[in-house]
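Participant: Input: one structure, supplied below.
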Amino acid sequence: MFGRLAAKQVPNKEYAVVPGKVNPDLQRERKKCTFDTLELTHFLDGGVEKYKDRKERENFFLSDPELMDDVPPELMSHEDQYRNGLKKACYLFKKLKELRENGGTIDNYRQLLGGSLGSAILKDGNPLALHYVMFIPTLMGQGTPDQCAYWIEKAWDCRVIGTYAQTELGHGTFIRGLETTATYNPKTQQFFLNSPTLTSYKWWPGGLGQTANYAVVVAQLYTKGECHGIHPFIVQLRDEKTHRPMPGVIVGEIGPKLGMNATNNGFLAFKQVPIPRNQMLMKNAQVLPDGTYVKSPSNKLTYGTMMFVRVVIVQDMASYLAKAVTIAVRYSAVRRQSEMVPGQSEPQIMDYLTQMYKLFPYIATVYALKFSAQWLWNMYNDVTAKIDAGDLELLPELHSIACCLKAVSTADTATAIETCRLSCGGHGYMACSNLPTTYGNVTAASTYEGENTVMLLQTARALMKAYAKAQAGEQLSPTVEYLNRNRKFRPWSNTVDSIVEGFKQIAAGKVAACALSLQRGVESGLSSEEAWNRASVQLVDAAEAHCRAFITDRHLDMVRNGMNELSPALREVMAQLCDLYCVFWALKRTGDFLQFCGIRGEDVQNLQDYQNELLVQIRPNAVGLVDSFDLRDEIIGSALGSYDGQVYERLLQSAMLSPLNAKPVHDSYGASLSALLRAKY
Ligand SMILES: CCCCCCCCCCCCCCCCCC(=O)SCCNC(=O)CCNC(=O)[C@H](O)C(C)(C)COP(=O)(O)OP(=O)(O)OC[C@H]1O[C@@H](n2cnc3c(N)ncnc32)[C@H](O)[C@@H]1OP(=O)(O)O
Ligand SMILES: Cc1cc2nc3c(=O)[nH]c(=O)nc-3n(C[C@H](O)[C@H](O)[C@H](O)COP(=O)(O)OP(=O)(O)OC[C@H]3O[C@@H](n4cnc5c(N)ncnc54)[C@H](O)[C@@H]3O)c2cc1C
């Protein structure tokens, strides 16, 4: 990274990065590790074959100089960020095509577009991401076989580039309130797309600004004078030859953002734009040539693509976090500061227990999220196969767990990355640490694909239904089985099993308390909606507790039952991480444990002692654990986190890339500063 330019400009040659030289503290850390890091890498990849595939894929992409930046995107203008992003994205997609022709799978695409590899190549966003992440999945999930046959090939080959245009200036969350209309005219057999108000302008879709020439547009369907709610339509936005906007299409880019500045998010409006009837995606609902509307088996099937992306976001979060925590742990091994014992040499900052506390729970979180994400991905595939066969029974369960996992994983990861940044002191604030960009990417996910509070309220809605079922003695689905009214919770016993059990007990207690609040609200004369709003802070809290119970349960189950093949040395470390994740959250929720699980003050002290013990146990393996994520330096993209630990050399090298350092006296001196220095006031 930070290529050719820098090497010429470092002021003192002896401070240049030396290839192959590894920081001695990092070397010592690697020797201390008690397990085989390669064994863990294989486990994370899902076996040796998958490990080899990944390595090959990374080589294929990351050793291509066309895909590497000579100048970091943060030094570019907004326009150049887009130009650079688009150039690389187009090149990347040519390579993706090559990969597909050699038998690449959708999993390859996910890994490339999400998480670590994608964010290494297109650090600040990808203007073609929505084409693959939402446009193609919507065609696949919502098109009829004929529509799929016509559009998907074109889309895979990038003969059309699409985006997913749903959100409007006025509505993102409440999609039933969208204002864009698609009105069917049986005489011409066309829909007419129209944007009746300013607030109906589409706003946000990735790649919409200057990149996409087609979009899936979500609009209110009108036929025979009646509105049938929101439906997806394929709309051509730009001429296929000239790329000029089609007649009646108003389109542009929305401007710089906190992050993701190469994503080319755009706005869009229509002035009675016609499209043929067969460009409504009609797998679920249909409009017949004469304008007759045929209902979908469930109007929530239109929401299918959002569900897909929520599921993959959870996986993505684990990848982003692995990257951030690798940077912070390696830096904390290299960085020495202060005196722990007066007169003695300065310790590595990772020897401070507070530093271990900042970092190690987030190493554990990578695993916690990975295991939940894997479970969710499997469930998603099972449920979609069943839906395709006409069985919609498990759809609500999938929706409920996907919503809370999306919210909790994105919120936790954003907090974790900010903590990683803080743990790197001043240098963490530098763009070249790659922590600010990583945070920018991750914090966006708390908003997109369903704002987190709203997602938790969706889960809470399902929890209230499940609670009512439990009270009626009905059978419950697996993720809410703990609400069963006959379930006896085991008494507290100062073990990790007890913590996991405790989270279920807390969730059950909070769900019951919400139900009571709602009931009281209604009894006091509030409408059920008003009572819901009055209880909503509690409801969000209950949904979060439910999700924490799920994540800890999954994590413990994996450690107990999913690691039999691993060596005892590695299993021990995996168990320590699981325990740490559980204790960390138990201590963050001490009030809940005191309220719902009957623990006492001395139990809290025991938990505190156990947390300290775990931090110290994990300390010698910290660098080994992040090395096992096996993230190449191009993926890490950080002056602080590279494998060799040449932190100070890389900081100096990256400073020299600043255009402000190109000349000994900057032009602005003559333009303004010299006059100020000479002025007599
Ligand atoms: C090919 C390669 C792929 C590679 C992948 C690489 C991965 C990389 C990923 C990272 C890159 C991402 C890039 C960024 C993309 C951002 C794109 C967007 O934001 S796009 C824009 C994203 N925008 C958003 O996410 C908008 C968020 N808003 C919404 O989704 C909805 O408005 C709502 C869910 C909040 C409410 O909906 P509303 O219709 O008002 O519903 P009510 O509340 O009245 O509840 C009624 C009933 O419906 C039920 N139900 C609801 N949903 C579902 C469902 N999905 N299902 C089932 N059921 C559902 C609900 O439970 C309830 O049941 P019941 O109690 O009656 O039994
Ligand atoms: C980086 C990025 C990329 C995006 N890409 C796309 C894209 O490609 N395509 C696309 O269509 N959209 C895209 N979006 C839009 C995104 O999906 C919406 O911003 C998101 O769904 C939130 O909607 P909103 O902006 O209307 O927020 P709002 O709903 O206005 O949220 C504002 C506040 O109101 C609260 N609130 C709203 N409703 C409720 C409620 N019912 N109960 C309690 N509180 C509530 C929220 O919790 C939040 O605190 C993108 C957004 C971002 C940030």
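Letters A, B, ... mark the chains of the structure tokens in the order given; residue numbers begin at 1 per chain; ligand numbers begin at 1, in order shown.
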Within 8 Å of ligand 1, counting only C-alpha atoms and all ligand atoms: which residues, as a PyMOL selection string?

Facilitator: chain A and resi 106-107+109-115+129-130+132-134+136-137+164-167+172-176+204-206+300-304+306-307+309-310+312-313+316+395-396+398-400+445+447-451+454-455+458-459+461-462+465

Participant: When you look at Gly248 of chain A with a cut-off of 8 Å (counting only C-alpha atoms), what residues show up, excluding the ones that are within fewer than 5 positions of it in the same chain? I need them as JSON, numbers by chain.

Facilitator: {"A": [270, 271, 272, 273]}

Participant: Which residue, A:Ser332, A:Thr354, A:Thr413, A:Asn284, has the smallest gap to Leu26 of chain A when you use only C-alpha atoms?

Facilitator: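 Among A:Ser332, A:Thr354, A:Thr413, A:Asn284, it is A:Ser332 that comes nearest to Leu26 of chain A.
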
Participant: Write down as a PyMOL selection string the residues of segment 175-374 of chain A whose backbone DSSP state falls under alpha helix (DSSP H).

Facilitator: chain A and resi 304-334+353-374

Participant: I'd like the neighbourhood of Thr437 of chain A as number ranges by chain, where a residue qualifies if any of its atoms comes within 12 Å (using only C-alpha atoms), though same-chain residues fewer than 6 positions away should be ignored.

Facilitator: A: 72-74, 119-120, 122-125, 257-262, 320, 323-324, 414, 417-418, 421, 428-431, 443-444, 636-638

Participant: How about saving the chosen residues, C-alpha atoms kept, as an mmCIF file, in the first residue's frame?

Facilitator:
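Final output, result_2.cif:
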```
data_model
loop_
_atom_site.group_PDB
_atom_site.id
_atom_site.type_symbol
_atom_site.label_atom_id
_atom_site.label_comp_id
_atom_site.auth_asym_id
_atom_site.auth_seq_id
_atom_site.Cartn_x
_atom_site.Cartn_y
_atom_site.Cartn_z
ATOM 1 C CA PRO A 72 -5.363 6.983 -0.781
ATOM 2 C CA PRO A 73 -8.985 7.972 -1.553
ATOM 3 C CA GLU A 74 -9.069 10.307 1.441
ATOM 4 C CA SER A 119 -13.484 -2.944 1.281
ATOM 5 C CA ALA A 120 -9.771 -3.388 0.542
ATOM 6 C CA LEU A 122 -12.943 -0.158 -2.938
ATOM 7 C CA LYS A 123 -12.145 1.357 0.413
ATOM 8 C CA ASP A 124 -14.710 4.132 0.371
ATOM 9 C CA GLY A 125 -17.571 2.450 -1.441
ATOM 10 C CA LYS A 257 -21.437 11.970 3.171
ATOM 11 C CA LEU A 258 -19.816 10.830 6.438
ATOM 12 C CA GLY A 259 -18.387 7.850 4.530
ATOM 13 C CA MET A 260 -18.970 5.660 1.471
ATOM 14 C CA ASN A 261 -18.112 8.591 -0.760
ATOM 15 C CA ALA A 262 -17.475 6.577 -3.901
ATOM 16 C CA TYR A 320 -15.183 -5.301 9.324
ATOM 17 C CA LYS A 323 -10.096 -5.860 10.405
ATOM 18 C CA ALA A 324 -10.435 -3.097 13.020
ATOM 19 C CA ALA A 414 -19.797 0.563 15.254
ATOM 20 C CA ILE A 417 -14.612 0.135 15.909
ATOM 21 C CA GLU A 418 -14.831 3.458 17.680
ATOM 22 C CA ARG A 421 -9.879 3.865 17.294
ATOM 23 C CA GLY A 428 -6.102 6.059 15.502
ATOM 24 C CA TYR A 429 -7.601 9.389 14.440
ATOM 25 C CA MET A 430 -5.393 9.479 11.326
ATOM 26 C CA ALA A 431 -7.098 8.497 8.094
ATOM 27 C CA THR A 443 -21.985 3.170 11.018
ATOM 28 C CA ALA A 444 -23.936 3.590 7.749
ATOM 29 C CA ILE A 636 -5.907 -4.073 6.559
ATOM 30 C CA GLY A 637 -4.930 -0.906 4.640
ATOM 31 C CA SER A 638 -3.524 0.664 7.805
#
```

Participant: Would you please work out which residue, of A:Thr453, A:Ser372, A:Gln355, A:Thr197, is nearest to Ala318 of chain A when using only C-alpha atoms?

Facilitator: A:Ser372

Participant: Which residue is closest to ligand 2? Choose from A:Trp203, A:Tyr581, A:Tyr439, A:Phe371 and count only C-alpha atoms and all ligand atoms.

Facilitator: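 Ranking A:Trp203, A:Tyr581, A:Tyr439, A:Phe371 by distance to ligand 2, first place goes to A:Trp203.
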
Participant: So which one's closest to ligand 2, A:Asp541, A:Glu168, A:Glu481, A:Asp644? Using only C-alpha atoms and all ligand atoms, please.

Facilitator: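 Closest candidate: A:Glu168.
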
Participant: Using atom CA of Asn486 of chain A and atom CA of Cys514 of chain A as the two end points, give the distance in Å to one decimal.

Facilitator: 19.1 Å
